[in-house]
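Text of upload_26.pdb, listed as PDB, C-alpha atoms, pLDDT in the B column:
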ATOM      1  CA  MET A   1      -4.139  -8.420   6.454  1.00 93.00           C
ATOM      2  CA  ASN A   2      -1.303  -5.903   6.335  1.00 96.00           C
ATOM      3  CA  ILE A   3      -1.857  -3.294   3.641  1.00 98.00           C
ATOM      4  CA  ALA A   4       0.608  -0.625   2.480  1.00 98.00           C
ATOM      5  CA  LEU A   5      -0.747   2.672   1.151  1.00 97.00           C
ATOM      6  CA  ILE A   6       1.683   4.852  -0.773  1.00 96.00           C
ATOM      7  CA  ALA A   7       1.111   7.820  -3.075  1.00 95.00           C
ATOM      8  CA  HIS A   8       3.289  10.249  -4.949  1.00 93.00           C
ATOM      9  CA  ASP A   9       2.569  13.917  -4.268  1.00 93.00           C
ATOM     10  CA  LYS A  10       0.219  14.444  -7.212  1.00 95.00           C
ATOM     11  CA  LYS A  11      -1.710  11.270  -6.293  1.00 96.00           C
ATOM     12  CA  LYS A  12      -2.215  11.913  -2.576  1.00 97.00           C
ATOM     13  CA  ASN A  13      -5.714  13.353  -3.080  1.00 97.00           C
ATOM     14  CA  ASP A  14      -6.624  10.234  -5.076  1.00 98.00           C
ATOM     15  CA  ILE A  15      -5.488   7.810  -2.369  1.00 98.00           C
ATOM     16  CA  VAL A  16      -7.247   9.837   0.336  1.00 98.00           C
ATOM     17  CA  ASN A  17     -10.500   9.865  -1.647  1.00 98.00           C
ATOM     18  CA  PHE A  18     -10.125   6.157  -2.451  1.00 98.00           C
ATOM     19  CA  SER A  19      -9.546   5.397   1.235  1.00 98.00           C
ATOM     20  CA  LYS A  20     -12.590   7.420   2.257  1.00 98.00           C
ATOM     21  CA  ALA A  21     -14.701   5.489  -0.239  1.00 98.00           C
ATOM     22  CA  TYR A  22     -13.422   2.138   1.059  1.00 98.00           C
ATOM     23  CA  GLN A  23     -12.907   3.140   4.692  1.00 97.00           C
ATOM     24  CA  GLY A  24     -15.205   0.352   5.876  1.00 97.00           C
ATOM     25  CA  ILE A  25     -13.044  -2.316   4.237  1.00 97.00           C
ATOM     26  CA  LEU A  26      -9.655  -0.755   4.986  1.00 98.00           C
ATOM     27  CA  SER A  27     -10.469  -0.179   8.668  1.00 97.00           C
ATOM     28  CA  GLN A  28     -10.727  -3.947   9.176  1.00 96.00           C
ATOM     29  CA  HIS A  29      -7.021  -4.386   8.380  1.00 96.00           C
ATOM     30  CA  GLN A  30      -3.606  -3.237   9.592  1.00 98.00           C
ATOM     31  CA  LEU A  31      -2.597  -0.233   7.507  1.00 98.00           C
ATOM     32  CA  PHE A  32       0.901   1.054   6.836  1.00 98.00           C
ATOM     33  CA  ALA A  33       1.870   4.149   4.874  1.00 97.00           C
ATOM     34  CA  THR A  34       4.732   6.422   4.067  1.00 93.00           C
ATOM     35  CA  GLY A  35       4.957   9.736   5.952  1.00 93.00           C
ATOM     36  CA  THR A  36       2.667  12.397   4.528  1.00 94.00           C
ATOM     37  CA  THR A  37       0.304   9.902   2.938  1.00 96.00           C
ATOM     38  CA  GLY A  38      -0.184   8.218   6.310  1.00 97.00           C
ATOM     39  CA  LEU A  39      -0.813  11.514   8.066  1.00 97.00           C
ATOM     40  CA  ARG A  40      -3.422  12.539   5.520  1.00 97.00           C
ATOM     41  CA  LEU A  41      -5.130   9.132   5.754  1.00 98.00           C
ATOM     42  CA  GLN A  42      -5.321   9.495   9.536  1.00 98.00           C
ATOM     43  CA  GLN A  43      -6.655  13.045   9.418  1.00 97.00           C
ATOM     44  CA  GLU A  44      -8.902  12.964   6.348  1.00 97.00           C
ATOM     45  CA  ALA A  45     -10.042   9.338   6.027  1.00 97.00           C
ATOM     46  CA  ASP A  46     -10.250   8.621   9.773  1.00 97.00           C
ATOM     47  CA  LEU A  47      -8.064   5.517   9.498  1.00 98.00           C
ATOM     48  CA  THR A  48      -5.548   4.104  11.946  1.00 98.00           C
ATOM     49  CA  VAL A  49      -2.257   3.934  10.078  1.00 98.00           C
ATOM     50  CA  HIS A  50       1.273   2.975  11.096  1.00 98.00           C
ATOM     51  CA  ARG A  51       3.420   5.664   9.500  1.00 97.00           C
ATOM     52  CA  PHE A  52       6.910   5.089   8.145  1.00 96.00           C
ATOM     53  CA  GLN A  53       9.343   7.724   6.871  1.00 93.00           C
ATOM     54  CA  SER A  54       8.412   9.599   3.707  1.00 87.00           C
ATOM     55  CA  GLY A  55       9.288   7.719   0.524  1.00 83.00           C
ATOM     56  CA  PRO A  56      12.427   9.719  -0.375  1.00 83.00           C
ATOM     57  CA  LEU A  57      13.691   9.362   3.206  1.00 87.00           C
ATOM     58  CA  GLY A  58      13.413   5.563   3.278  1.00 88.00           C
ATOM     59  CA  GLY A  59       9.709   4.833   3.718  1.00 90.00           C
ATOM     60  CA  ASP A  60       9.556   2.800   0.510  1.00 90.00           C
ATOM     61  CA  GLN A  61      12.485   0.724   1.772  1.00 91.00           C
ATOM     62  CA  GLN A  62      10.806   0.191   5.153  1.00 95.00           C
ATOM     63  CA  ILE A  63       7.738  -1.193   3.395  1.00 96.00           C
ATOM     64  CA  GLY A  64      10.012  -3.217   1.117  1.00 95.00           C
ATOM     65  CA  SER A  65      11.584  -4.764   4.201  1.00 96.00           C
ATOM     66  CA  MET A  66       8.166  -5.915   5.400  1.00 97.00           C
ATOM     67  CA  ILE A  67       7.492  -7.434   1.976  1.00 96.00           C
ATOM     68  CA  ALA A  68      10.823  -9.296   2.073  1.00 95.00           C
ATOM     69  CA  GLN A  69       9.900 -10.671   5.525  1.00 94.00           C
ATOM     70  CA  ASN A  70       6.479 -11.769   4.209  1.00 91.00           C
ATOM     71  CA  LYS A  71       4.752  -9.323   6.552  1.00 94.00           C
ATOM     72  CA  MET A  72       2.898  -7.315   3.880  1.00 96.00           C
ATOM     73  CA  ASP A  73      -0.144  -8.743   2.097  1.00 95.00           C
ATOM     74  CA  LEU A  74      -1.230  -6.002  -0.289  1.00 97.00           C
ATOM     75  CA  VAL A  75       0.333  -2.808  -1.647  1.00 98.00           C
ATOM     76  CA  LEU A  76      -1.670   0.110  -3.031  1.00 98.00           C
ATOM     77  CA  PHE A  77       0.876   2.469  -4.580  1.00 96.00           C
ATOM     78  CA  PHE A  78      -0.705   5.349  -6.477  1.00 97.00           C
ATOM     79  CA  ARG A  79       2.194   6.349  -8.719  1.00 94.00           C
ATOM     80  CA  ASP A  80       2.591   9.502 -10.753  1.00 92.00           C
ATOM     81  CA  PRO A  81       4.044   8.251 -14.053  1.00 88.00           C
ATOM     82  CA  LEU A  82       4.374  11.780 -15.468  1.00 90.00           C
ATOM     83  CA  THR A  83       6.698  13.242 -12.833  1.00 87.00           C
ATOM     84  CA  ALA A  84      10.327  12.190 -12.334  1.00 82.00           C
ATOM     85  CA  GLN A  85      10.916  10.857  -8.837  1.00 82.00           C
ATOM     86  CA  PRO A  86      14.331  11.371  -7.196  1.00 77.00           C
ATOM     87  CA  HIS A  87      14.014   8.007  -5.427  1.00 77.00           C
ATOM     88  CA  GLU A  88      13.020   6.008  -8.520  1.00 84.00           C
ATOM     89  CA  PRO A  89      15.449   3.150  -7.701  1.00 84.00           C
ATOM     90  CA  ASP A  90      13.632   2.626  -4.380  1.00 84.00           C
ATOM     91  CA  ILE A  91      10.284   2.552  -6.179  1.00 88.00           C
ATOM     92  CA  THR A  92      11.567   0.028  -8.705  1.00 91.00           C
ATOM     93  CA  ALA A  93      12.954  -2.130  -5.886  1.00 93.00           C
ATOM     94  CA  LEU A  94       9.611  -2.053  -4.056  1.00 94.00           C
ATOM     95  CA  ILE A  95       7.724  -3.140  -7.167  1.00 95.00           C
ATOM     96  CA  ARG A  96      10.282  -5.888  -7.816  1.00 97.00           C
ATOM     97  CA  LEU A  97       9.876  -7.187  -4.247  1.00 97.00           C
ATOM     98  CA  CYS A  98       6.109  -7.400  -4.753  1.00 96.00           C
ATOM     99  CA  ASP A  99       6.754  -9.578  -7.804  1.00 96.00           C
ATOM    100  CA  VAL A 100       9.365 -11.747  -6.050  1.00 95.00           C
ATOM    101  CA  TYR A 101       7.130 -12.403  -3.019  1.00 92.00           C
ATOM    102  CA  ALA A 102       3.802 -12.571  -4.919  1.00 91.00           C
ATOM    103  CA  VAL A 103       2.328  -9.598  -3.064  1.00 95.00           C
ATOM    104  CA  PRO A 104      -0.630  -8.095  -4.953  1.00 96.00           C
ATOM    105  CA  LEU A 105       0.231  -4.574  -6.097  1.00 98.00           C
ATOM    106  CA  ALA A 106      -1.943  -1.807  -7.555  1.00 98.00           C
ATOM    107  CA  THR A 107      -0.222   1.226  -9.045  1.00 97.00           C
ATOM    108  CA  ASN A 108      -3.409   3.079  -9.981  1.00 97.00           C
ATOM    109  CA  MET A 109      -6.947   3.565  -8.714  1.00 96.00           C
ATOM    110  CA  GLY A 110      -8.566   1.194 -11.234  1.00 97.00           C
ATOM    111  CA  THR A 111      -6.462  -1.778 -10.169  1.00 97.00           C
ATOM    112  CA  ALA A 112      -6.741  -0.786  -6.508  1.00 98.00           C
ATOM    113  CA  GLU A 113     -10.518  -0.966  -6.742  1.00 97.00           C
ATOM    114  CA  VAL A 114     -10.376  -4.485  -8.190  1.00 97.00           C
ATOM    115  CA  LEU A 115      -8.017  -5.597  -5.404  1.00 97.00           C
ATOM    116  CA  ILE A 116     -10.049  -3.958  -2.624  1.00 97.00           C
ATOM    117  CA  LYS A 117     -13.215  -5.692  -3.867  1.00 96.00           C
ATOM    118  CA  GLY A 118     -11.303  -8.982  -3.893  1.00 95.00           C
ATOM    119  CA  LEU A 119     -10.129  -8.266  -0.354  1.00 94.00           C
ATOM    120  CA  GLU A 120     -13.738  -7.661   0.677  1.00 94.00           C
ATOM    121  CA  ARG A 121     -14.734 -11.058  -0.783  1.00 92.00           C
ATOM    122  CA  GLY A 122     -11.877 -12.865   0.958  1.00 88.00           C
ATOM    123  CA  ASP A 123      -9.949 -13.601  -2.223  1.00 89.00           C
ATOM    124  CA  PHE A 124      -6.587 -13.162  -0.492  1.00 84.00           C
ATOM    125  CA  SER A 125      -6.965 -15.986   2.017  1.00 78.00           C
ATOM    126  CA  TRP A 126      -4.037 -17.676   0.294  1.00 73.00           C
ATOM    127  CA  ARG A 127      -1.772 -15.045   1.891  1.00 75.00           C
ATOM    128  CA  GLU A 128      -2.647 -16.490   5.317  1.00 72.00           C
ATOM    129  CA  MET A 129      -1.692 -19.986   4.134  1.00 69.00           C
ATOM    130  CA  ILE A 130       1.697 -18.674   2.963  1.00 69.00           C
ATOM    131  CA  LYS A 131       2.341 -17.163   6.400  1.00 64.00           C
ATOM    132  CA  GLU A 132       1.344 -20.367   8.180  1.00 65.00           C
ATOM    133  CA  SER A 133       3.752 -22.452   6.085  1.00 65.00           C
ATOM    134  CA  GLU A 134       6.783 -20.447   7.243  1.00 65.00           C
TER     135      GLU A 134
END
Conversion result in structure tokens:
Amino acid sequence: MNIALIAHDKKKNDIVNFSKAYQGILSQHQLFATGTTGLRLQQEADLTVHRFQSGPLGGDQQIGSMIAQNKMDLVLFFRDPLTAQPHEPDITALIRLCDVYAVPLATNMGTAEVLIKGLERGDFSWREMIKESE
């Protein structure tokens, strides 16, 4: 499965710690991340990650493009709801694309944990059937 990992600045430590805790599951999949988040995941969680631009420089849109092409299966986006983001329209568009293309999306650690456990059980096999029907 293709999994996107994104985190706002104040949530980067959370996504790194989450990824360390679930490194065994995440390492079995293709991982994609925006700039700094991806670098930290490579260095601190020992994961292989394809890095896009940082979010404000277009990384969110690059991931959104993969969603629109049905090439992303799961998005873990640790958002900071208490800090204004200069690229909020890009964030909103990314979330909307997840809804349009039925891509599971977690915007906080609690939901991410539920999704990662489902991934471990094989609950997202339906994503493979969607890809095969194209």
Each segment 10-44 of chain A residue no farther than 12 Å from segment 60-65 of chain A, nearest pair in Å, all atoms listed in the file, as CSV:
residue,atom,partner,partner_atom,distance
A:Leu31,CA,A:Ile63,CA,11.2
A:Phe32,CA,A:Ile63,CA,8.0
A:Ala33,CA,A:Ile63,CA,8.1
A:Thr34,CA,A:Asp60,CA,7.0
A:Gly35,CA,A:Asp60,CA,9.9
A:Thr37,CA,A:Asp60,CA,11.9
Dump of C-alpha atoms for the selected residues, as a compact mmCIF listing (two decimals), in the frame of the given file:
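Result written to out.txt:
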# COMPACT_ATOMS: atom_id res chain seq x y z
CA LEU A 31 -2.60 -0.23 7.51
CA PHE A 32 0.90 1.05 6.84
CA ALA A 33 1.87 4.15 4.87
CA THR A 34 4.73 6.42 4.07
CA GLY A 35 4.96 9.74 5.95
CA THR A 37 0.30 9.90 2.94
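Of the residues under consideration (A:Pro86, A:Gln43, A:Ser125, A:Leu94), A:Leu94 shows the shortest atom-to-atom contact distance to Met66 of chain A when counting all atoms listed in the file.
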Handout entry: Nearest candidate to Leu105 of chain A (options A:Leu39, A:Leu47, A:Phe77, A:Met72; using all atoms listed in the file)
Key = A:Phe77
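The two atoms in question, atom CA of Glu88 of chain A and atom CA of His50 of chain A, are spaced 23.1 Å apart.
Compared by their closest atoms to Pro89 of chain A, and using only C-alpha atoms, the residues A:Leu74, A:Gly55, A:Arg121, A:Asn108 rank with A:Gly55 nearest.
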Set up a box along x, y and z of the file covering all listed atoms of segment 7-15 of chain A, add 3 Å on every one of the six sides, and write the centre and edge lengths in Å to one decimal, as JSON.
{"center_x": -1.7, "center_y": 11.1, "center_z": -4.8, "size_x": 15.9, "size_y": 12.6, "size_z": 10.8}
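The space between atom CA of Gln69 of chain A and atom CA of Lys20 of chain A spans 29.0 Å.
Shortest atom-to-atom contact with Asn13 of chain A among A:Thr36, A:Gln30, A:Thr111, A:Ser54: A:Thr36, counting all atoms listed in the file.
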Practice task
In the coordinates of the file, take the point (4.7, -15.0, -1.8) and a cut-off of 10 Å; then, counting all atoms listed in the file, name each qualifying protein, DNA or RNA residue as number ranges by chain.
Solution key: A: 67-70, 72-73, 97-104, 126-127, 130-131
Practice task
Excluding Ile15 of chain A and residues on its chain fewer than 4 positions from it, collect all residues at most 8 Å away from it, counting all atoms listed in the file, and give them as a PyMOL selection string.
Solution key: chain A and resi 5-7+11+19+78+109
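When all atoms listed in the file are used to compute distances to Val16 of chain A, the closest of the residues A:His87, A:Arg40, A:Arg79, A:Arg96 turns out to be A:Arg40.
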Exercise for the section: Extract, using only C-alpha atoms, all DNA, RNA and protein residues at most 12 Å from Glu113 of chain A, discarding same-chain residues fewer than 6 positions from it, and format them as a VMD selection string. Expected result: chain A and resid 14 to 15 17 to 19 21 to 22 25 to 26 76 78 105 to 107 119 to 120
